[in-house]
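Visitor: What follows is upload-v1.cif; its format and atoms are mmCIF, C-alpha atoms and all ligand atoms.
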```cif
data_final
#
loop_
_atom_site.label_atom_id
_atom_site.label_comp_id
_atom_site.auth_asym_id
_atom_site.auth_seq_id
_atom_site.Cartn_x
_atom_site.Cartn_y
_atom_site.Cartn_z
CA MET A 1 117.75 112.25 109.71
CA ASN A 2 117.85 113.67 106.20
CA HIS A 3 114.43 113.50 104.65
CA HIS A 4 113.37 113.05 101.06
CA LEU A 5 109.78 114.22 100.82
CA LEU A 6 107.60 113.11 97.91
CA ILE A 7 104.30 114.84 97.16
CA ILE A 8 101.65 112.99 95.18
CA GLY A 9 100.48 115.99 93.15
CA GLU A 10 97.05 116.47 91.59
CA ILE A 11 96.15 117.63 88.10
CA HIS A 12 92.65 118.61 87.03
CA ARG A 13 91.91 119.31 83.35
CA GLY A 14 95.63 119.57 82.66
CA LYS A 15 96.25 122.13 85.42
CA VAL A 16 98.17 121.55 88.64
CA GLU A 17 95.73 121.85 91.57
CA PRO A 18 96.43 124.59 94.19
CA THR A 19 96.67 121.91 96.91
CA THR A 20 99.94 120.69 95.37
CA PHE A 21 101.51 124.15 95.81
CA GLU A 22 100.13 124.33 99.35
CA ILE A 23 101.85 121.05 100.28
CA LEU A 24 105.05 122.40 98.74
CA GLY A 25 104.61 125.35 101.14
CA ALA A 26 104.39 122.90 104.07
CA ALA A 27 107.54 121.14 102.82
CA GLN A 28 109.41 124.45 102.57
CA GLN A 29 108.72 125.12 106.25
CA LEU A 30 110.57 121.88 107.08
CA ARG A 31 113.60 122.65 104.92
CA ASN A 32 115.88 123.83 107.72
CA LYS A 33 114.75 120.99 110.00
CA GLY A 34 115.96 118.02 107.98
CA VAL A 35 113.98 117.92 104.73
CA GLU A 36 116.71 117.98 102.09
CA LYS A 37 114.95 116.95 98.93
CA VAL A 38 111.37 117.60 97.79
CA GLY A 39 109.85 115.93 94.75
CA VAL A 40 106.41 116.01 93.17
CA PHE A 41 104.90 113.11 91.29
CA PHE A 42 102.11 113.58 88.75
CA GLY A 43 100.23 110.99 86.77
CA SER A 44 97.76 111.93 84.05
CA GLY A 45 96.85 111.35 80.44
CA LYS A 46 96.87 115.12 79.92
CA ILE A 47 100.40 116.21 80.71
CA ASN A 48 101.27 119.83 79.96
CA ILE A 49 105.01 120.53 80.34
CA GLU A 50 104.49 124.21 81.17
CA GLU A 51 102.12 123.30 84.01
CA LEU A 52 104.40 120.60 85.38
CA GLN A 53 107.29 123.06 85.56
CA LYS A 54 105.38 125.29 87.98
CA PRO A 55 106.15 123.27 91.16
CA LEU A 56 109.85 123.90 90.43
CA GLN A 57 109.16 127.59 91.17
CA PHE A 58 107.65 126.66 94.55
CA GLY A 59 110.43 124.68 96.15
CA ALA A 60 110.42 121.31 94.36
CA ASN A 61 113.84 119.83 93.55
CA TYR A 62 112.27 117.59 90.95
CA VAL A 63 109.01 116.83 89.22
CA TYR A 64 108.43 113.35 87.88
CA GLY A 65 105.44 112.77 85.64
CA ILE A 66 103.97 109.67 84.06
CA LYS A 67 101.69 110.11 81.08
CA ASN A 68 98.96 107.50 81.19
CA PRO A 69 95.18 108.13 81.10
CA ILE A 70 94.67 105.52 83.82
CA PHE A 71 95.48 108.25 86.38
CA ASP A 72 92.49 110.34 85.26
CA GLU A 73 90.11 107.56 86.23
CA LEU A 74 89.34 106.59 89.80
CA ALA A 75 91.13 103.28 89.27
CA PHE A 76 93.34 103.62 92.34
CA HIS A 77 94.30 99.97 92.50
CA GLN A 78 95.84 100.46 89.04
CA SER A 79 97.51 103.86 89.51
CA THR A 80 98.86 102.67 92.88
CA GLN A 81 101.01 100.14 91.02
CA PHE A 82 102.72 102.98 89.15
CA ILE A 83 103.16 105.01 92.33
CA ILE A 84 104.73 102.06 94.15
CA ASN A 85 107.27 101.83 91.30
CA VAL A 86 107.96 105.57 91.69
CA ILE A 87 108.45 105.14 95.46
CA GLN A 88 110.84 102.24 94.90
CA LYS A 89 112.78 104.39 92.42
CA PHE A 90 113.07 107.56 94.57
CA LYS A 91 112.92 106.00 98.07
CA PRO A 92 111.24 108.94 99.88
CA THR A 93 111.12 108.94 103.68
CA ILE A 94 107.94 111.08 103.73
CA ILE A 95 104.97 110.93 101.33
CA LEU A 96 102.28 113.63 101.38
CA ALA A 97 99.09 114.13 99.38
CA ALA A 98 96.12 116.48 99.69
CA ALA A 99 93.16 115.44 101.83
CA THR A 100 90.90 115.74 98.77
CA THR A 101 88.60 113.04 97.41
CA ARG A 102 91.48 111.69 95.34
CA GLY A 103 94.08 111.94 98.10
CA THR A 104 91.91 110.39 100.78
CA THR A 105 91.02 107.49 98.49
CA LEU A 106 94.49 106.83 97.13
CA MET A 107 96.63 107.25 100.27
CA PRO A 108 95.05 104.57 102.53
CA TYR A 109 95.28 102.10 99.64
CA LEU A 110 98.91 103.06 99.06
CA ALA A 111 99.77 102.94 102.79
CA ALA A 112 98.26 99.46 103.09
CA LYS A 113 100.28 98.28 100.09
CA LEU A 114 103.47 99.73 101.61
CA HIS A 115 102.66 98.34 105.11
CA THR A 116 103.16 101.77 106.63
CA GLY A 117 101.14 104.18 108.78
CA LEU A 118 99.09 107.13 107.54
CA THR A 119 97.87 110.25 109.35
CA ALA A 120 94.82 111.86 107.75
CA ASP A 121 93.94 115.54 107.34
CA CYS A 122 97.03 117.16 108.89
CA THR A 123 97.06 120.90 109.55
CA GLY A 124 100.68 121.14 110.73
CA PHE A 125 104.03 119.38 110.58
CA ASP A 126 107.26 119.45 112.52
CA ILE A 127 110.39 117.36 112.84
CA ASP A 128 111.09 115.51 116.11
CA SER A 129 114.24 117.07 117.55
CA GLU A 130 115.20 113.71 119.13
CA ASP A 131 114.93 111.16 116.35
CA GLY A 132 114.38 113.43 113.32
CA SER A 133 111.11 111.79 112.27
CA LEU A 134 108.07 113.67 110.97
CA LEU A 135 105.54 114.89 113.54
CA GLN A 136 102.04 115.11 112.09
CA ILE A 137 99.66 117.58 113.71
CA ARG A 138 95.88 117.54 113.33
CA PRO A 139 92.70 118.32 115.26
CA ALA A 140 91.40 115.30 117.21
CA ILE A 141 88.48 114.33 119.46
CA GLY A 142 86.01 116.48 117.52
CA GLY A 143 88.46 119.37 117.28
CA ASN A 144 88.87 119.73 121.06
CA ILE A 145 92.61 119.05 121.00
CA MET A 146 95.47 119.31 118.55
CA ALA A 147 97.14 115.90 118.42
CA THR A 148 100.79 115.40 117.48
CA ILE A 149 101.13 112.01 115.85
CA LYS A 150 104.33 110.16 115.04
CA THR A 151 104.03 107.15 112.77
CA ARG A 152 106.82 104.69 113.52
CA THR A 153 106.87 103.05 110.10
CA PHE A 154 108.59 104.40 106.99
CA PRO A 155 107.93 106.05 104.65
CA GLN A 156 105.88 108.29 106.94
CA MET A 157 102.65 109.15 105.15
CA ALA A 158 100.06 111.88 105.67
CA THR A 159 97.27 113.72 103.89
CA VAL A 160 97.20 117.51 104.19
CA ARG A 161 94.07 119.59 104.76
CA PRO A 162 93.48 121.93 101.77
CA ASN A 163 93.76 125.70 102.35
CA THR A 164 95.96 125.25 105.43
CA PHE A 165 99.40 126.10 104.04
CA LYS A 166 100.43 128.96 101.77
CA PRO A 167 102.64 128.28 98.73
CA ILE A 168 106.12 129.80 99.04
CA GLN A 169 108.00 130.85 95.89
CA SER A 170 111.49 129.39 95.83
CA GLU A 171 113.70 127.82 93.14
CA TYR A 172 116.61 125.41 93.43
CA PRO A 173 119.41 125.60 90.87
CA ASP A 174 119.59 121.91 89.87
CA SER A 175 115.86 121.24 89.76
CA THR A 176 114.68 118.73 87.15
CA LEU A 177 111.53 117.78 85.28
CA VAL A 178 111.19 114.27 83.87
CA ILE A 179 108.10 113.01 82.05
CA GLU A 180 107.74 109.44 80.90
CA GLU A 181 105.06 107.92 78.75
CA ASP A 182 103.99 104.55 80.12
CA SER A 183 100.98 102.83 78.65
CA THR A 184 101.18 99.75 80.87
CA THR A 185 97.77 98.61 82.11
CA TYR A 186 97.37 96.67 85.32
CA SER A 187 94.43 94.36 85.74
CA SER A 188 91.34 96.08 87.11
CA GLY A 189 89.23 94.67 89.93
CA PHE A 190 86.26 96.84 88.93
CA ILE A 191 83.47 95.81 86.59
CA LYS A 192 82.37 99.40 86.01
CA ASN A 193 84.29 102.52 86.97
CA GLU A 194 82.58 105.86 86.37
CA PHE A 195 83.99 109.28 87.21
CA ILE A 196 81.36 111.91 87.98
CA GLU A 197 82.66 115.49 87.92
CA GLU A 198 82.05 117.36 91.18
CA ASP A 199 80.25 120.68 90.94
CA HIS A 200 83.00 123.21 91.64
CA ASN A 201 80.39 125.93 92.25
CA LEU A 202 79.30 124.07 95.35
CA ASP A 203 82.75 123.46 96.78
CA ILE A 204 83.28 126.14 99.43
CA ALA A 205 86.97 125.22 99.70
CA LYS A 206 87.48 126.49 96.14
CA ALA A 207 85.19 129.54 96.27
CA LYS A 208 86.67 132.96 95.56
CA ILE A 209 83.76 134.69 97.33
CA LEU A 210 82.06 133.04 100.29
CA CYS A 211 78.86 134.42 101.81
CA SER A 212 78.59 132.83 105.24
CA GLY A 213 75.90 133.04 107.86
CA GLY A 214 75.47 132.17 111.51
CA ARG A 215 72.95 132.18 114.33
CA GLY A 216 72.41 135.93 113.85
CA LEU A 217 70.31 135.16 110.75
CA LYS A 218 67.72 133.60 113.10
CA ASN A 219 65.95 131.20 110.71
CA ALA A 220 66.14 129.23 107.45
CA THR A 221 64.25 131.87 105.44
CA ASN A 222 66.66 134.64 106.39
CA PHE A 223 69.59 132.30 105.79
CA SER A 224 68.32 131.47 102.29
CA HIS A 225 68.91 135.13 101.29
CA LEU A 226 72.63 134.27 101.35
CA GLU A 227 71.96 132.10 98.29
CA GLU A 228 70.63 135.20 96.47
CA LEU A 229 73.66 137.21 97.55
CA ALA A 230 76.01 134.44 96.44
CA GLN A 231 74.31 134.38 93.03
CA CYS A 232 74.75 138.17 92.65
CA LEU A 233 78.44 137.90 93.57
CA LYS A 234 79.08 134.59 91.76
CA GLY A 235 80.13 133.09 95.06
CA CYS A 236 79.18 130.19 97.34
CA VAL A 237 77.26 129.91 100.60
CA GLY A 238 78.96 128.85 103.81
CA GLY A 239 77.79 128.63 107.39
CA SER A 240 78.85 128.32 110.99
CA ARG A 241 78.27 125.05 112.83
CA VAL A 242 75.16 126.56 114.38
CA ALA A 243 73.74 127.20 110.89
CA VAL A 244 74.39 123.56 109.98
CA GLU A 245 72.97 122.23 113.25
CA GLN A 246 69.83 124.32 112.73
CA GLY A 247 69.44 122.73 109.28
CA TRP A 248 69.73 126.08 107.44
CA THR A 249 72.54 124.67 105.32
CA SER A 250 74.20 121.28 104.94
CA PHE A 251 77.46 119.95 106.39
CA PRO A 252 79.56 120.38 103.19
CA HIS A 253 78.96 124.13 103.66
CA GLN A 254 80.26 124.25 107.25
CA VAL A 255 83.31 126.43 107.74
CA GLY A 256 85.60 125.68 110.65
CA LEU A 257 87.61 123.20 112.61
CA SER A 258 85.11 120.38 112.25
CA GLY A 259 83.99 121.58 108.80
CA LYS A 260 86.05 122.84 105.87
CA THR A 261 89.03 125.17 105.82
CA VAL A 262 88.46 127.92 103.27
CA SER A 263 90.67 130.66 101.89
CA PRO A 264 88.59 132.82 99.53
CA GLU A 265 89.44 136.29 98.26
CA PHE A 266 86.39 137.64 100.14
CA TYR A 267 84.79 136.08 103.22
CA LEU A 268 81.51 137.74 104.18
CA ALA A 269 80.34 136.81 107.68
CA PHE A 270 76.70 137.59 108.49
CA GLY A 271 75.73 137.17 112.15
CA ILE A 272 78.73 135.00 113.01
CA SER A 273 80.37 135.65 116.38
CA GLY A 274 83.87 134.45 115.42
CA ALA A 275 84.33 131.50 117.79
CA ILE A 276 87.87 130.09 117.69
CA GLN A 277 86.64 126.93 115.94
CA HIS A 278 85.06 129.03 113.19
CA LEU A 279 88.07 131.31 112.78
CA ALA A 280 90.31 128.25 112.42
CA GLY A 281 88.53 127.50 109.16
CA MET A 282 88.58 130.93 107.50
CA GLN A 283 91.38 133.03 108.96
CA THR A 284 93.55 132.76 105.84
CA SER A 285 90.84 134.47 103.73
CA ARG A 286 92.27 137.46 101.86
CA TYR A 287 89.62 139.98 102.94
CA ILE A 288 87.16 139.38 105.75
CA ILE A 289 83.99 141.47 105.91
CA ALA A 290 81.90 141.02 109.05
CA ILE A 291 78.40 142.20 109.85
CA ASN A 292 77.34 141.81 113.47
CA ARG A 293 75.21 143.86 115.82
CA ASP A 294 77.64 143.31 118.71
CA PRO A 295 80.62 145.70 118.41
CA GLU A 296 82.58 143.40 120.76
CA ALA A 297 82.13 140.29 118.57
CA GLN A 298 85.37 138.29 118.14
CA ILE A 299 85.02 138.30 114.36
CA PHE A 300 85.81 142.04 114.28
CA HIS A 301 89.33 141.34 115.60
CA LEU A 302 90.09 139.52 112.36
CA ALA A 303 87.89 141.50 109.95
CA ASP A 304 89.37 143.89 107.38
CA PHE A 305 86.02 145.65 107.15
CA GLY A 306 83.24 145.55 109.71
CA ILE A 307 79.68 146.81 109.95
CA VAL A 308 78.01 147.01 113.35
CA GLY A 309 74.36 146.54 112.54
CA ASP A 310 71.40 144.23 112.11
CA VAL A 311 72.01 141.56 109.45
CA LEU A 312 68.27 141.20 108.94
CA GLU A 313 68.21 144.79 107.66
CA ILE A 314 71.61 144.92 105.97
CA LEU A 315 71.51 141.65 103.99
CA PRO A 316 68.29 142.48 102.03
CA GLN A 317 69.62 145.99 101.35
CA VAL A 318 72.91 144.66 99.96
CA ILE A 319 71.04 142.22 97.69
CA ARG A 320 68.69 144.99 96.49
CA ILE A 321 71.59 147.33 95.64
CA LEU A 322 73.50 144.58 93.80
CA LYS A 323 70.40 143.64 91.78
CA GLN A 324 69.71 147.30 90.92
CA ARG A 325 73.29 147.70 89.69
CA LYS A 326 73.03 144.54 87.62
CA ASN A 327 69.83 145.77 85.95
CA LYS A 328 71.30 149.17 85.04
C1 LIG B 1 84.92 120.67 119.03
C2 LIG B 1 84.20 121.80 118.42
C3 LIG B 1 84.25 121.97 117.05
C4 LIG B 1 83.58 123.04 116.46
N1 LIG B 1 83.65 123.22 115.11
C5 LIG B 1 83.06 124.30 114.57
C6 LIG B 1 83.17 124.56 113.18
O1 LIG B 1 83.76 123.79 112.41
N2 LIG B 1 82.57 125.68 112.69
C7 LIG B 1 81.89 126.56 113.48
O2 LIG B 1 81.38 127.57 112.97
N3 LIG B 1 81.76 126.32 114.79
C8 LIG B 1 82.31 125.21 115.35
N4 LIG B 1 82.14 124.98 116.67
C9 LIG B 1 81.16 125.79 117.40
C10 LIG B 1 81.69 127.14 117.85
O3 LIG B 1 82.30 127.03 119.10
C11 LIG B 1 80.55 128.16 117.95
O4 LIG B 1 79.57 127.66 118.81
C12 LIG B 1 79.90 128.51 116.62
O5 LIG B 1 80.87 128.84 115.66
C13 LIG B 1 78.98 129.71 116.81
O6 LIG B 1 78.27 129.94 115.63
P1 LIG B 1 77.64 131.37 115.34
O7 LIG B 1 78.72 132.36 115.23
O8 LIG B 1 76.74 131.19 114.18
O9 LIG B 1 76.71 131.61 116.60
P2 LIG B 1 76.92 132.54 117.88
O10 LIG B 1 78.22 132.30 118.51
O11 LIG B 1 75.71 132.37 118.71
O12 LIG B 1 76.96 134.00 117.27
C14 LIG B 1 75.88 134.64 116.69
C15 LIG B 1 76.32 136.06 116.40
O13 LIG B 1 75.29 136.72 115.71
C16 LIG B 1 75.19 138.04 116.21
N5 LIG B 1 73.82 138.48 115.96
C17 LIG B 1 72.67 138.03 116.52
N6 LIG B 1 71.62 138.63 115.96
C18 LIG B 1 72.10 139.50 115.04
C19 LIG B 1 71.51 140.41 114.14
N7 LIG B 1 70.18 140.54 114.05
N8 LIG B 1 72.33 141.16 113.35
C20 LIG B 1 73.67 141.05 113.42
N9 LIG B 1 74.28 140.19 114.25
C21 LIG B 1 73.51 139.41 115.05
C22 LIG B 1 75.53 137.96 117.67
O14 LIG B 1 76.00 139.21 118.14
C23 LIG B 1 76.60 136.89 117.66
O15 LIG B 1 77.88 137.47 117.57
C24 LIG B 1 82.82 123.93 117.27
C25 LIG B 1 82.78 123.74 118.65
C26 LIG B 1 83.46 122.69 119.21
C27 LIG B 1 83.41 122.52 120.70
#
```
Turn the structure described in the file into structure tokens.
Ligand SMILES: Cc1cc2nc3c(=O)[nH]c(=O)nc-3n(C[C@H](O)[C@H](O)[C@H](O)COP(=O)(O)OP(=O)(O)OC[C@H]3O[C@@H](n4cnc5c(N)ncnc54)[C@H](O)[C@@H]3O)c2cc1C

Guide:
Amino acid sequence: MNHHLLIIGEIHRGKVEPTTFEILGAAQQLRNKGVEKVGVFFGSGKINIEELQKPLQFGANYVYGIKNPIFDELAFHQSTQFIINVIQKFKPTIILAAATTRGTTLMPYLAAKLHTGLTADCTGFDIDSEDGSLLQIRPAIGGNIMATIKTRTFPQMATVRPNTFKPIQSEYPDSTLVIEEDSTTYSSGFIKNEFIEEDHNLDIAKAKILCSGGRGLKNATNFSHLEELAQCLKGCVGGSRVAVEQGWTSFPHQVGLSGKTVSPEFYLAFGISGAIQHLAGMQTSRYIIAINRDPEAQIFHLADFGIVGDVLEILPQVIRILKQRKNK
């Protein structure tokens, strides 16, 4: 089966979101298995040609954009009408979008309209060697197993977990960019539709520096020092599942298989053992710095830099030094 894969891309404040490039990376991995054509669709009122050309450097054969401010609102029942027209025009066999707030709201609505199946939050893809259809891989049963799911209906649709795939630079000679202005409005079912900006400083999936803590921090007071450290480093606070279960931090801050997948420049792990379920959520971090009193802790196998020592002594010292430097 020769696949035509369409990505529903995301734009925020005129810029293409990293998740779009990550999904292009996933598509590239399927190139020699039957995916022949890869396209990216964007809809926004703020279309910037330079930005929309970028996916063409990461393996897209074409980018198709529609300029209409309706896409910048959360009016999915309206933007879905445009996307259905795009799908009828390009006839993709696979449709992927990021498992972000937008993607996870839009895709079920779209799948229902298209009478097709949808697999949520995939962390891997493959092509079935027998019938050539897309295999969609994701953690299931609380993360205890990796399930391989094959939707029987077409187009096959899936959302992709952010920070799971790496973008791959690659250009195709006949790649095209088409942008159309379409001011059509479809009737809205909403009386009031308000878009509230999320606080990007609190989104661990987007953090460049993540200060994470685990059971080794012992209690909520010690854990709260991570907030101070994060402020000094202009980063965010993350935690292991134990830290969340203990109530030291909240679920949106959980890193791991049943939490969020993160990929910061620096991942600082304080008193985290490095259980497989935790590593699954942070192993693509650029630099991993681990502090643990157990020299045999699993986290040290992955760490770029490790300190064997007591976090209860080291964390306050690090904060003190950073504050002293700031005040100089
Ligand atoms: C289905 C499933 C899904 C899961 N999903 C997740 C997930 O998404 N995220 C996640 O994190 N876990 C997840 N887990 C749990 C995971 O298996 C571990 O139990 C958990 O990650 C352990 O957290 P921890 O490292 O904080 O605690 P521990 O494993 O108890 O490690 C604490 C570490 O702190 C060190 N330490 C103790 N005191 C000090 C000190 N004073 N100074 C320095 N070091 C010290 C210890 O040496 C130890 O290495 C999941 C488990 C299952 C079964």

Visitor: What gap, in Å, lies between CA of Ile23 in chain A and CA of Thr123 in chain A?

Guide: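 Distance reported for this atom pair: 10.4 Å.
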
Visitor: May I have the residues within 6 Å of ligand LIG 1 (chain B), computed using all atoms listed in the file, as a PyMOL selection string?

Guide: chain A and resi 142-144+214-216+240-243+255-259+271-275+277-278+292-294+297+309-312

Visitor: Restricting the calculation to all atoms listed in the file, which member of A:Ile209, A:Ala220, A:Ala112, A:Ile276 is positioned closest to Ile288 in chain A?

Guide: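 Closest residue, counting all atoms listed in the file: A:Ile209.
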
Visitor: Which residues are close to range 170-174 of chain A, i.e. within 12 Å by all atoms listed in the file, leaving aside same-chain residues fewer than 2 positions away? Reply as a PyMOL selection string.

Guide: chain A and resi 21+24-25+27-29+31+36-39+53-63+167-168+176-177

Visitor: Give one line per residue of range 117-225 of chain A that approaches range 81-84 of chain A to at most 12 Å, naming the two atoms of the closest pair and their distance in Å to one decimal, counting all atoms listed in the file; sort by chain then ascending residue number and deliver it as a tab-separated table.

Guide:
```
residue	atom	partner	partner_atom	distance
A:Pro155	CA	A:Ile84	CA	11.7
A:Glu180	CA	A:Phe82	CA	11.6
A:Glu181	CA	A:Phe82	CA	11.7
A:Asp182	CA	A:Phe82	CA	9.3
A:Ser183	CA	A:Phe82	CA	10.6
A:Thr184	CA	A:Phe82	CA	9.0
A:Thr185	CA	A:Gln81	CA	9.6
A:Tyr186	CA	A:Gln81	CA	7.6
A:Ser187	CA	A:Gln81	CA	10.2
A:Ser188	CA	A:Gln81	CA	11.2
```

Visitor: Leu322 in chain A: which residues within 9 Å, counting only C-alpha atoms, same-chain residues fewer than 6 positions away excluded, as a list in words?

Guide: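 Skipping anything fewer than 6 positions along the chain leaves Leu229, Cys232 and Leu233 of chain A.
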
Visitor: As a tab-separated table (two decimals) with C-alpha atoms, keeping the file's coordinate frame, please: the residues near Leu30 in chain A (cut-off 8 Å, only C-alpha atoms, same-chain neighbours under 5 positions excluded).

Guide:
```tsv
chain	number	residue	atom	x	y	z
A	35	VAL	CA	113.98	117.92	104.73
A	125	PHE	CA	104.03	119.38	110.58
A	126	ASP	CA	107.26	119.45	112.52
A	127	ILE	CA	110.39	117.36	112.84
```

Visitor: Restricting the calculation to only C-alpha atoms: of A:Ile66, A:Leu134, A:Ala207, A:Val308, which residue gets closest to Val86 in chain A?

Guide: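 With only C-alpha atoms as the atom set, the closest residue is A:Ile66.
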
Visitor: When distances are computed from all atoms listed in the file, which of A:Ser44, A:Val318, A:Ile204, A:Lys166 shows the smallest separation from Pro252 in chain A?

Guide: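 Of all the options, A:Ile204 lies closest to Pro252 in chain A.
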
Visitor: Can you complete the atoms of range 237-252 of chain A to N, CA and C atoms and list them as a PDB file, in the frame of the given file?

Guide:
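Final file, rebuild-v9.pdb:
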```
ATOM      1  N   VAL A 237      77.810 129.688  99.258  1.00  0.00           N
ATOM      2  CA  VAL A 237      77.260 129.910 100.600  1.00  0.00           C
ATOM      3  C   VAL A 237      77.960 129.006 101.609  1.00  0.00           C
ATOM      4  N   GLY A 238      78.368 129.617 102.715  1.00  0.00           N
ATOM      5  CA  GLY A 238      78.960 128.850 103.810  1.00  0.00           C
ATOM      6  C   GLY A 238      78.177 129.121 105.083  1.00  0.00           C
ATOM      7  N   GLY A 239      78.506 128.403 106.139  1.00  0.00           N
ATOM      8  CA  GLY A 239      77.790 128.630 107.390  1.00  0.00           C
ATOM      9  C   GLY A 239      78.618 128.233 108.592  1.00  0.00           C
ATOM     10  N   SER A 240      78.210 128.746 109.745  1.00  0.00           N
ATOM     11  CA  SER A 240      78.850 128.320 110.990  1.00  0.00           C
ATOM     12  C   SER A 240      78.249 126.965 111.379  1.00  0.00           C
ATOM     13  N   ARG A 241      78.807 126.348 112.407  1.00  0.00           N
ATOM     14  CA  ARG A 241      78.270 125.050 112.830  1.00  0.00           C
ATOM     15  C   ARG A 241      76.830 125.198 113.303  1.00  0.00           C
ATOM     16  N   VAL A 242      76.533 126.326 113.927  1.00  0.00           N
ATOM     17  CA  VAL A 242      75.160 126.560 114.380  1.00  0.00           C
ATOM     18  C   VAL A 242      74.207 126.516 113.182  1.00  0.00           C
ATOM     19  N   ALA A 243      74.592 127.175 112.084  1.00  0.00           N
ATOM     20  CA  ALA A 243      73.740 127.200 110.890  1.00  0.00           C
ATOM     21  C   ALA A 243      73.502 125.791 110.352  1.00  0.00           C
ATOM     22  N   VAL A 244      74.524 124.949 110.453  1.00  0.00           N
ATOM     23  CA  VAL A 244      74.390 123.560 109.980  1.00  0.00           C
ATOM     24  C   VAL A 244      73.511 122.770 110.949  1.00  0.00           C
ATOM     25  N   GLU A 245      73.760 122.959 112.240  1.00  0.00           N
ATOM     26  CA  GLU A 245      72.970 122.230 113.250  1.00  0.00           C
ATOM     27  C   GLU A 245      71.485 122.602 113.185  1.00  0.00           C
ATOM     28  N   GLN A 246      71.221 123.867 112.839  1.00  0.00           N
ATOM     29  CA  GLN A 246      69.830 124.320 112.730  1.00  0.00           C
ATOM     30  C   GLN A 246      69.170 123.803 111.444  1.00  0.00           C
ATOM     31  N   GLY A 247      69.981 123.256 110.539  1.00  0.00           N
ATOM     32  CA  GLY A 247      69.440 122.730 109.280  1.00  0.00           C
ATOM     33  C   GLY A 247      69.260 123.813 108.221  1.00  0.00           C
ATOM     34  N   TRP A 248      69.873 124.991 108.424  1.00  0.00           N
ATOM     35  CA  TRP A 248      69.730 126.080 107.440  1.00  0.00           C
ATOM     36  C   TRP A 248      70.609 125.829 106.229  1.00  0.00           C
ATOM     37  N   THR A 249      71.679 125.080 106.429  1.00  0.00           N
ATOM     38  CA  THR A 249      72.540 124.670 105.320  1.00  0.00           C
ATOM     39  C   THR A 249      73.079 123.280 105.670  1.00  0.00           C
ATOM     40  N   SER A 250      73.762 122.663 104.699  1.00  0.00           N
ATOM     41  CA  SER A 250      74.200 121.280 104.940  1.00  0.00           C
ATOM     42  C   SER A 250      75.684 121.229 105.329  1.00  0.00           C
ATOM     43  N   PHE A 251      76.109 120.082 105.849  1.00  0.00           N
ATOM     44  CA  PHE A 251      77.460 119.950 106.390  1.00  0.00           C
ATOM     45  C   PHE A 251      78.583 120.326 105.408  1.00  0.00           C
ATOM     46  N   PRO A 252      78.461 119.979 104.093  1.00  0.00           N
ATOM     47  CA  PRO A 252      79.560 120.380 103.190  1.00  0.00           C
ATOM     48  C   PRO A 252      79.776 121.888 103.140  1.00  0.00           C
TER      49      PRO A 252
END
```
